[in-house]
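K.L.:
Okay, here's the structure, questions in a sec.
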Amino acid sequence: MPERDERRAYSHIRALMAETGEGMIAVSPDGTVRMVNEAGQKLLGLSRSECVGQPIAKLGVCGLGASLERSLSEHTSASSSCEHGGRDLSFTVTPYDDQGQWGAVVTVRDNTELIAVRRRSEAILMSTSDGLMVFDANDRITFVNPTAERILGKGAEALVGLVTDTWKVFGLAPDPEGTVAETGAQLREVRMEEPAHRIVDVRVDPVIDDSGTYLGAVTNMRDVTAEREAAQMKNEFVSTVSHELRTPLTSIKGYIDLILDGEAGEINEIQQEFLSIVKENSDRLVDLINDMLDISRIESGRIVLKVQPLDVAERIAGAVNTFRAVLDQQGREIHVDVPDDLPLAAGDPDRVGQVLINFISNAIKYSPQGGDVRVKASVEDSMVRVDITDEGIGIALEDQAKLFTKFYRVDSSLTREIGGTGLGLSICKSIIELLGGEVGVDSTAGEGSTFWFALPFASDRHVRTPSLETPLGSPGGRVLVVDDSEDVANLVATYLARRGYEVVKAFNAREAREYALELEPRVITLDVMLDEGAGFELLRELKGDPATKDIPVVVLSIICDQGKSERLGAAGYLEKPIDRDRLISLIDELVGSVVTPVVLVVDDDKDIVELLSITLKQRGYAVMAAFDGREAMAAVEHTKPHLILLDMRMPGMDGYEVLETLKGDSATSEIPVVIMSAFPLDREQADILELAAVCVSKPFSADQFVNLLESVIGDEGDR
Ligand code: ADP
């Protein structure tokens, strides 16, 4: 009976072994094969009789004998893999207690196809021209392809296995919103200087399987240096050409107007007609050039937006007025519907005006059969929304999506007849989006359209703090690096040299003192632990000597002694290990702000600000540009300028208020202020005007003006 039971159990086992797709081999405690299933025979390419009773080491499978030995002696499972008979096989040896002795079961798996698929996918990933880096769910890098190695300047062996975040690999801070698992795709344009100058589009996507499980992330990097630089060149070209075209056009237009007005003698009807055509076309050319300039400014990121609290009702009234005469002539009406309690929006008044004019002029242009135009303002979702509705030709649904792209015009004989460039809406969309708003259209073909935009409400943070723009050609100049460790000094020197600074190194206090006097560096970096702590003494000396006291010193230290450093007159403090970006930005700032005089230009006329900024920067000044009084105050708070050029008539906080505030505060009362004014000055405010150093009246030539400034700054310096 027990024997029958045993036989039955045995046939169960054989049935089980036959059923499984895997190869199975039962091994006796003496290491010989006791049993092998069909799959096992097939995978090994051996018959049952060639296996059973044979020592496992004799089956000709590399590594299997050793795995078995290890498994039997250590009583743990062991695995191995090998190529056998043209297939990729893996073996798992699991020991079991066979009545006091240890036998084992070996499972054999055929991974040939799996491995082929993996090799194929790896080959694909390896040969894509984009850089790829793959992370597992625990943020560990598992794969890096050769393009990514090249972009990052690091081999896969240095990266695979690291637990990190994509942005850290690029030396950037992680996305403040969270990880890709939380935020979905993350995108950034990364500018790299190491191992080479490159602009790289980096995109990180979460990898999620069918069941929604997060498996990790994949980072895609595309080198777009050539494209971006070509785009920049194109933009610069367009911008230069447009500027050049504008000048002659201005006189063409001006003289045609004079002739049409009869200033050059009487003209007959035919001349009048022909000249009107010339005038119309030169107006179109001017519009086109302005659009091209706007596009190039937007695309190169050079567009300057004055975001400020904005009364949308006032802008609407202004824009509507421009069209009143035209509409009257055509016997059409424009209805304005603005609630009295419309909140202020955040926006640039000129640019929002431009958008309104564009939308209203389209509304008139694209309703050739007439009809009224409606402009309505309202509040929706914490935004100020403006709808411009016409009764014109309307737009088919399939065209609506493409309407806001560059050069897109609906293809119809009517549109062709009306004429245009297809640039206006794309500019409007960019402007509104740069202001944090939205644009859109609702329309039915043949039944008119409603174009709308919405802007966020104004808030205090809409006062822009102007940034410091350094003179052309900067950064540069000499930096003295003082450190007793040659390695650290070399590291700092390399960072700064790459940035364009000329670096001199000193390894002890004596050398440092000597070079500081002789070479007049623009900035000194100082390791305070120099000569066993003599660094502080050196700092005190440098700050005490009139010849060196104005050279800003940046303290680099491993101990937390920021307070002491600052008390002794250090201009900046960085803890070691040194963060390259912080070092560079600190030095740039010190070189830009301390050695170069800083001029704050305040005017609501952008052209004047742009002209003065360029001229001043060419002359080696650092410039801050503010477009109104509040921005000017924010700028002064940020960096105290050496001189302020102030326009008096500005919206919001005007020049008088700025001047009074500056002079009333002991921290800013010493800054000389030059008043620029195109209008007779307000005599009632004469006592305020007295506070200014000089007053110049517009128009003036930029060069003359800068000469005057130099004399003012010179005077102040002598005092
Ligand atoms: P342009 O008017 O110079 O062609 P826009 O960018 O302002 O350029 O407009 C792009 C296109 O959108 C126009 O060519 C026209 O086909 C369509 N469009 C714009 N506004 C309207 C409107 N109010 N009604 C119908 N079609 C319009």
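Following the order of the structure tokens, first chain is A, next is B, and so on, with residues numbered from 1 inside each chain and ligands from 1 in the order they appear.
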Please check which protein, DNA or RNA residues sit within 6 Å of ligand 1, counting only C-alpha atoms and all ligand atoms, and write them as number ranges by chain.

P.N.:
A: 362-363, 366, 392-395, 403, 408-410, 415, 420-426, 449

K.L.:
For the contact check between region 330-403 of chain A and region 280-303 of chain A, emit one row per residue of region 330-403 of chain A within 12 Å, containing the shortest atom pair and the distance in Å rounded to one decimal, counting only C-alpha atoms, chain then rising number order, as CSV.

P.N.:
residue,atom,partner,partner_atom,distance
A:Asp348,CA,A:Ile303,CA,11.4
A:Arg351,CA,A:Ile303,CA,10.5
A:Gln354,CA,A:Asp291,CA,10.9
A:Asn358,CA,A:Asp287,CA,11.1

K.L.:
Could you tell me, as JSON, numbers by chain, which residues of region 260-348 of chain A DSSP assigns to strand (DSSP E) when given the backbone?

P.N.:
{"A": [308, 309, 310, 334, 335, 336, 337, 345, 346, 347]}

K.L.:
At a cut-off of 8 Å, using only C-alpha atoms, what residues contact region 539-551 of chain A? Leave out same-chain residues fewer than 5 positions from it and give the result as a list in words.

P.N.:
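Residues meeting the cut-off are Arg513, Ala516, Leu517, Glu520, Pro521, Arg522, Val523, Ile524, Leu568, Gly569 and Ala570 of chain A.
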
K.L.:
So that I can check the surroundings of Arg385 (chain A), please list as number ranges by chain every protein, DNA and RNA residue that reaches within 6 Å of it, counting only C-alpha atoms and ignoring chain neighbours fewer than 4 positions away.

P.N.:
A: 377-379, 453-454

K.L.:
Name the residues of region 258-427 of chain A that fall into alpha helix (DSSP H) according to DSSP on the backbone, using the chain letters and numbers of this document, as a PyMOL selection string.

P.N.:
chain A and resi 258-260+269-299+312-330+349-365+397-400+413-418+424-427

K.L.:
Could you check the closest approach to Lys253 (chain A) for each of A:Val312, A:Val33, A:Met676, A:Ser276 and tell me which residue wins, using only C-alpha atoms?

P.N.:
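Nearest candidate to Lys253 (chain A) out of A:Val312, A:Val33, A:Met676, A:Ser276: A:Ser276.
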
K.L.:
Set the distance at 6 Å and use only C-alpha atoms: which residues neighbour region 148-154 of chain A once local chain neighbours fewer than 4 positions away are removed? I'd like the list as a PyMOL selection string.

P.N.:
chain A and resi 131-132+195

K.L.:
Write a file of the just-selected residues containing N, CA and C atoms, as a PDB file, in the first residue's frame.

P.N.:
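Contents of the output file selection.pdb:
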ATOM      1  N   GLY A 131      19.304  62.389 -26.892  1.00  0.00           N
ATOM      2  CA  GLY A 131      19.879  61.810 -25.694  1.00  0.00           C
ATOM      3  C   GLY A 131      18.761  61.209 -24.855  1.00  0.00           C
ATOM      4  N   LEU A 132      19.010  60.029 -24.283  1.00  0.00           N
ATOM      5  CA  LEU A 132      17.989  59.388 -23.453  1.00  0.00           C
ATOM      6  C   LEU A 132      18.594  58.935 -22.142  1.00  0.00           C
ATOM      7  N   PRO A 195      30.175  70.016 -20.962  1.00  0.00           N
ATOM      8  CA  PRO A 195      31.555  70.057 -21.456  1.00  0.00           C
ATOM      9  C   PRO A 195      31.713  70.997 -22.656  1.00  0.00           C
TER      10      PRO A 195
END

K.L.:
For Leu526 (chain A), which of A:Val238, A:Val479, A:Val207, A:Leu611 is the closest residue, counting only C-alpha atoms?

P.N.:
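Among A:Val238, A:Val479, A:Val207, A:Leu611, it is A:Val479 that comes nearest to Leu526 (chain A).
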
K.L.:
I'd like the neighbourhood of Thr322 (chain A) as a compact mmCIF listing (two decimals) with all heavy atoms, in the first residue's frame, where a residue qualifies if any of its atoms comes within 12 Å (using only C-alpha atoms), though same-chain residues fewer than 2 positions away should be ignored.

P.N.:
# COMPACT_ATOMS: atom_id res chain seq x y z
N ARG A 315 -8.50 101.99 -21.65
CA ARG A 315 -7.88 101.48 -22.89
C ARG A 315 -8.94 101.27 -23.97
O ARG A 315 -8.71 101.55 -25.14
CB ARG A 315 -7.18 100.13 -22.62
CG ARG A 315 -5.92 100.24 -21.82
CD ARG A 315 -4.87 100.98 -22.59
NE ARG A 315 -4.46 102.13 -21.81
CZ ARG A 315 -3.65 103.09 -22.23
NH1 ARG A 315 -3.16 103.05 -23.45
NH2 ARG A 315 -3.35 104.10 -21.45
N ILE A 316 -10.10 100.72 -23.56
CA ILE A 316 -11.16 100.46 -24.54
C ILE A 316 -11.60 101.79 -25.14
O ILE A 316 -11.71 101.94 -26.37
CB ILE A 316 -12.36 99.73 -23.88
CG1 ILE A 316 -11.93 98.32 -23.49
CG2 ILE A 316 -13.55 99.68 -24.84
CD1 ILE A 316 -13.00 97.50 -22.79
N ALA A 317 -11.79 102.79 -24.28
CA ALA A 317 -12.24 104.09 -24.77
C ALA A 317 -11.24 104.65 -25.79
O ALA A 317 -11.64 105.14 -26.86
CB ALA A 317 -12.42 105.05 -23.60
N GLY A 318 -9.95 104.52 -25.47
CA GLY A 318 -8.91 105.02 -26.37
C GLY A 318 -8.96 104.32 -27.72
O GLY A 318 -8.94 104.96 -28.78
N ALA A 319 -9.04 102.99 -27.68
CA ALA A 319 -9.02 102.21 -28.92
C ALA A 319 -10.26 102.51 -29.75
O ALA A 319 -10.18 102.68 -30.98
CB ALA A 319 -8.93 100.72 -28.60
N VAL A 320 -11.40 102.58 -29.09
CA VAL A 320 -12.65 102.79 -29.81
C VAL A 320 -12.63 104.15 -30.53
O VAL A 320 -13.07 104.28 -31.67
CB VAL A 320 -13.86 102.69 -28.83
CG1 VAL A 320 -15.12 103.27 -29.45
CG2 VAL A 320 -14.07 101.23 -28.44
N ARG A 324 -13.76 105.66 -34.51
CA ARG A 324 -15.07 106.34 -34.60
C ARG A 324 -15.29 106.96 -35.98
O ARG A 324 -16.33 106.72 -36.60
CB ARG A 324 -15.17 107.42 -33.52
CG ARG A 324 -15.64 106.87 -32.20
CD ARG A 324 -17.12 107.24 -31.95
NE ARG A 324 -17.79 106.20 -31.20
CZ ARG A 324 -17.65 105.99 -29.90
NH1 ARG A 324 -16.85 106.76 -29.19
NH2 ARG A 324 -18.30 105.02 -29.30
N ALA A 325 -14.30 107.70 -36.46
CA ALA A 325 -14.47 108.43 -37.72
C ALA A 325 -14.73 107.46 -38.87
O ALA A 325 -15.68 107.66 -39.65
CB ALA A 325 -13.22 109.26 -37.99
N VAL A 326 -13.93 106.40 -38.95
CA VAL A 326 -14.08 105.42 -40.03
C VAL A 326 -15.48 104.82 -39.99
O VAL A 326 -16.16 104.70 -41.02
CB VAL A 326 -13.05 104.28 -39.85
CG1 VAL A 326 -13.16 103.27 -40.98
CG2 VAL A 326 -11.65 104.84 -39.76
N LEU A 327 -15.93 104.44 -38.80
CA LEU A 327 -17.23 103.78 -38.68
C LEU A 327 -18.37 104.74 -39.02
O LEU A 327 -19.33 104.36 -39.69
CB LEU A 327 -17.40 103.23 -37.27
CG LEU A 327 -16.58 101.97 -37.00
CD1 LEU A 327 -16.54 101.63 -35.53
CD2 LEU A 327 -17.12 100.80 -37.79
N ASP A 328 -18.21 105.99 -38.57
CA ASP A 328 -19.23 107.00 -38.89
C ASP A 328 -19.41 107.11 -40.40
O ASP A 328 -20.53 107.10 -40.91
CB ASP A 328 -18.79 108.38 -38.36
CG ASP A 328 -19.25 108.55 -36.92
OD1 ASP A 328 -19.99 107.66 -36.45
OD2 ASP A 328 -18.85 109.54 -36.27
N ILE A 334 -20.36 101.52 -33.02
CA ILE A 334 -19.59 100.66 -32.12
C ILE A 334 -20.17 100.86 -30.72
O ILE A 334 -20.30 101.98 -30.24
CB ILE A 334 -18.07 100.96 -32.24
CG1 ILE A 334 -17.27 100.02 -31.35
CG2 ILE A 334 -17.72 102.39 -31.91
CD1 ILE A 334 -15.81 99.90 -31.79
N GLY A 353 -3.56 98.02 -25.48
CA GLY A 353 -4.18 98.91 -26.46
C GLY A 353 -3.97 98.37 -27.87
O GLY A 353 -4.89 98.34 -28.69
N GLN A 354 -2.77 97.88 -28.13
CA GLN A 354 -2.45 97.30 -29.45
C GLN A 354 -3.37 96.12 -29.76
O GLN A 354 -3.87 95.98 -30.88
CB GLN A 354 -0.98 96.87 -29.42
CG GLN A 354 -0.49 96.22 -30.69
CD GLN A 354 0.98 95.78 -30.56
OE1 GLN A 354 1.68 96.13 -29.61
NE2 GLN A 354 1.44 95.01 -31.54
N LEU A 356 -6.36 95.52 -28.48
CA LEU A 356 -7.72 96.01 -28.70
C LEU A 356 -7.87 96.57 -30.11
O LEU A 356 -8.84 96.28 -30.81
CB LEU A 356 -8.03 97.12 -27.68
CG LEU A 356 -8.47 96.64 -26.30
CD1 LEU A 356 -8.39 97.77 -25.30
CD2 LEU A 356 -9.89 96.09 -26.37
N ILE A 357 -6.88 97.36 -30.53
CA ILE A 357 -6.95 97.97 -31.86
C ILE A 357 -6.96 96.90 -32.94
O ILE A 357 -7.74 96.95 -33.89
CB ILE A 357 -5.78 98.96 -32.04
CG1 ILE A 357 -6.07 100.20 -31.20
CG2 ILE A 357 -5.54 99.31 -33.51
CD1 ILE A 357 -5.09 101.32 -31.31
N ASN A 358 -6.12 95.87 -32.73
CA ASN A 358 -6.08 94.78 -33.69
C ASN A 358 -7.42 94.07 -33.80
O ASN A 358 -7.93 93.83 -34.90
CB ASN A 358 -5.00 93.79 -33.25
CG ASN A 358 -4.30 93.20 -34.43
OD1 ASN A 358 -4.95 92.69 -35.33
ND2 ASN A 358 -2.98 93.29 -34.44
N ILE A 360 -10.41 95.15 -32.89
CA ILE A 360 -11.49 96.01 -33.41
C ILE A 360 -11.30 96.24 -34.91
O ILE A 360 -12.25 96.20 -35.69
CB ILE A 360 -11.55 97.36 -32.65
CG1 ILE A 360 -11.83 97.10 -31.17
CG2 ILE A 360 -12.62 98.26 -33.25
CD1 ILE A 360 -11.78 98.34 -30.29
N SER A 361 -10.04 96.43 -35.34
CA SER A 361 -9.84 96.70 -36.76
C SER A 361 -10.19 95.45 -37.58
O SER A 361 -10.78 95.56 -38.66
CB SER A 361 -8.43 97.22 -37.05
OG SER A 361 -7.60 96.20 -37.48

K.L.:
Identify, on the basis of only C-alpha atoms, every residue whose closest approach to region 212-221 of chain A does not exceed 10 Å; exclude the query and any residue fewer than 2 positions from it along the same chain; express the result as a ChimeraX atom specification.

P.N.:
/A:129-144,147-148,151-152,165-167,179-181,184-190,199-210,223-224

K.L.:
Let me make sure I understand: among A:Ile56, A:Ala104, A:Leu68, A:Val386, which one has the smallest atom-to-atom distance to Ser80 (chain A) if we use only C-alpha atoms?

P.N.:
A:Leu68

K.L.:
For CA of Leu496 (chain A) and CA of Leu583 (chain A), determine how far apart the two atoms are, in Å to one decimal place.

P.N.:
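According to the coordinates, CA of Leu496 (chain A) and CA of Leu583 (chain A) are separated by 8.6 Å.
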
K.L.:
Record the distance separating CA of Ile671 (chain A) and CA of Leu708 (chain A), expressed in Å with one decimal.

P.N.:
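We find that CA of Ile671 (chain A) and CA of Leu708 (chain A) lie 15.9 Å from each other.
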
K.L.:
Under the rule that only C-alpha atoms are counted, which of A:Glu610, A:Glu447, A:Glu398, A:Glu6 is the nearest residue to Met624 (chain A)?

P.N.:
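That would be A:Glu610, the residue with the smallest distance to Met624 (chain A).
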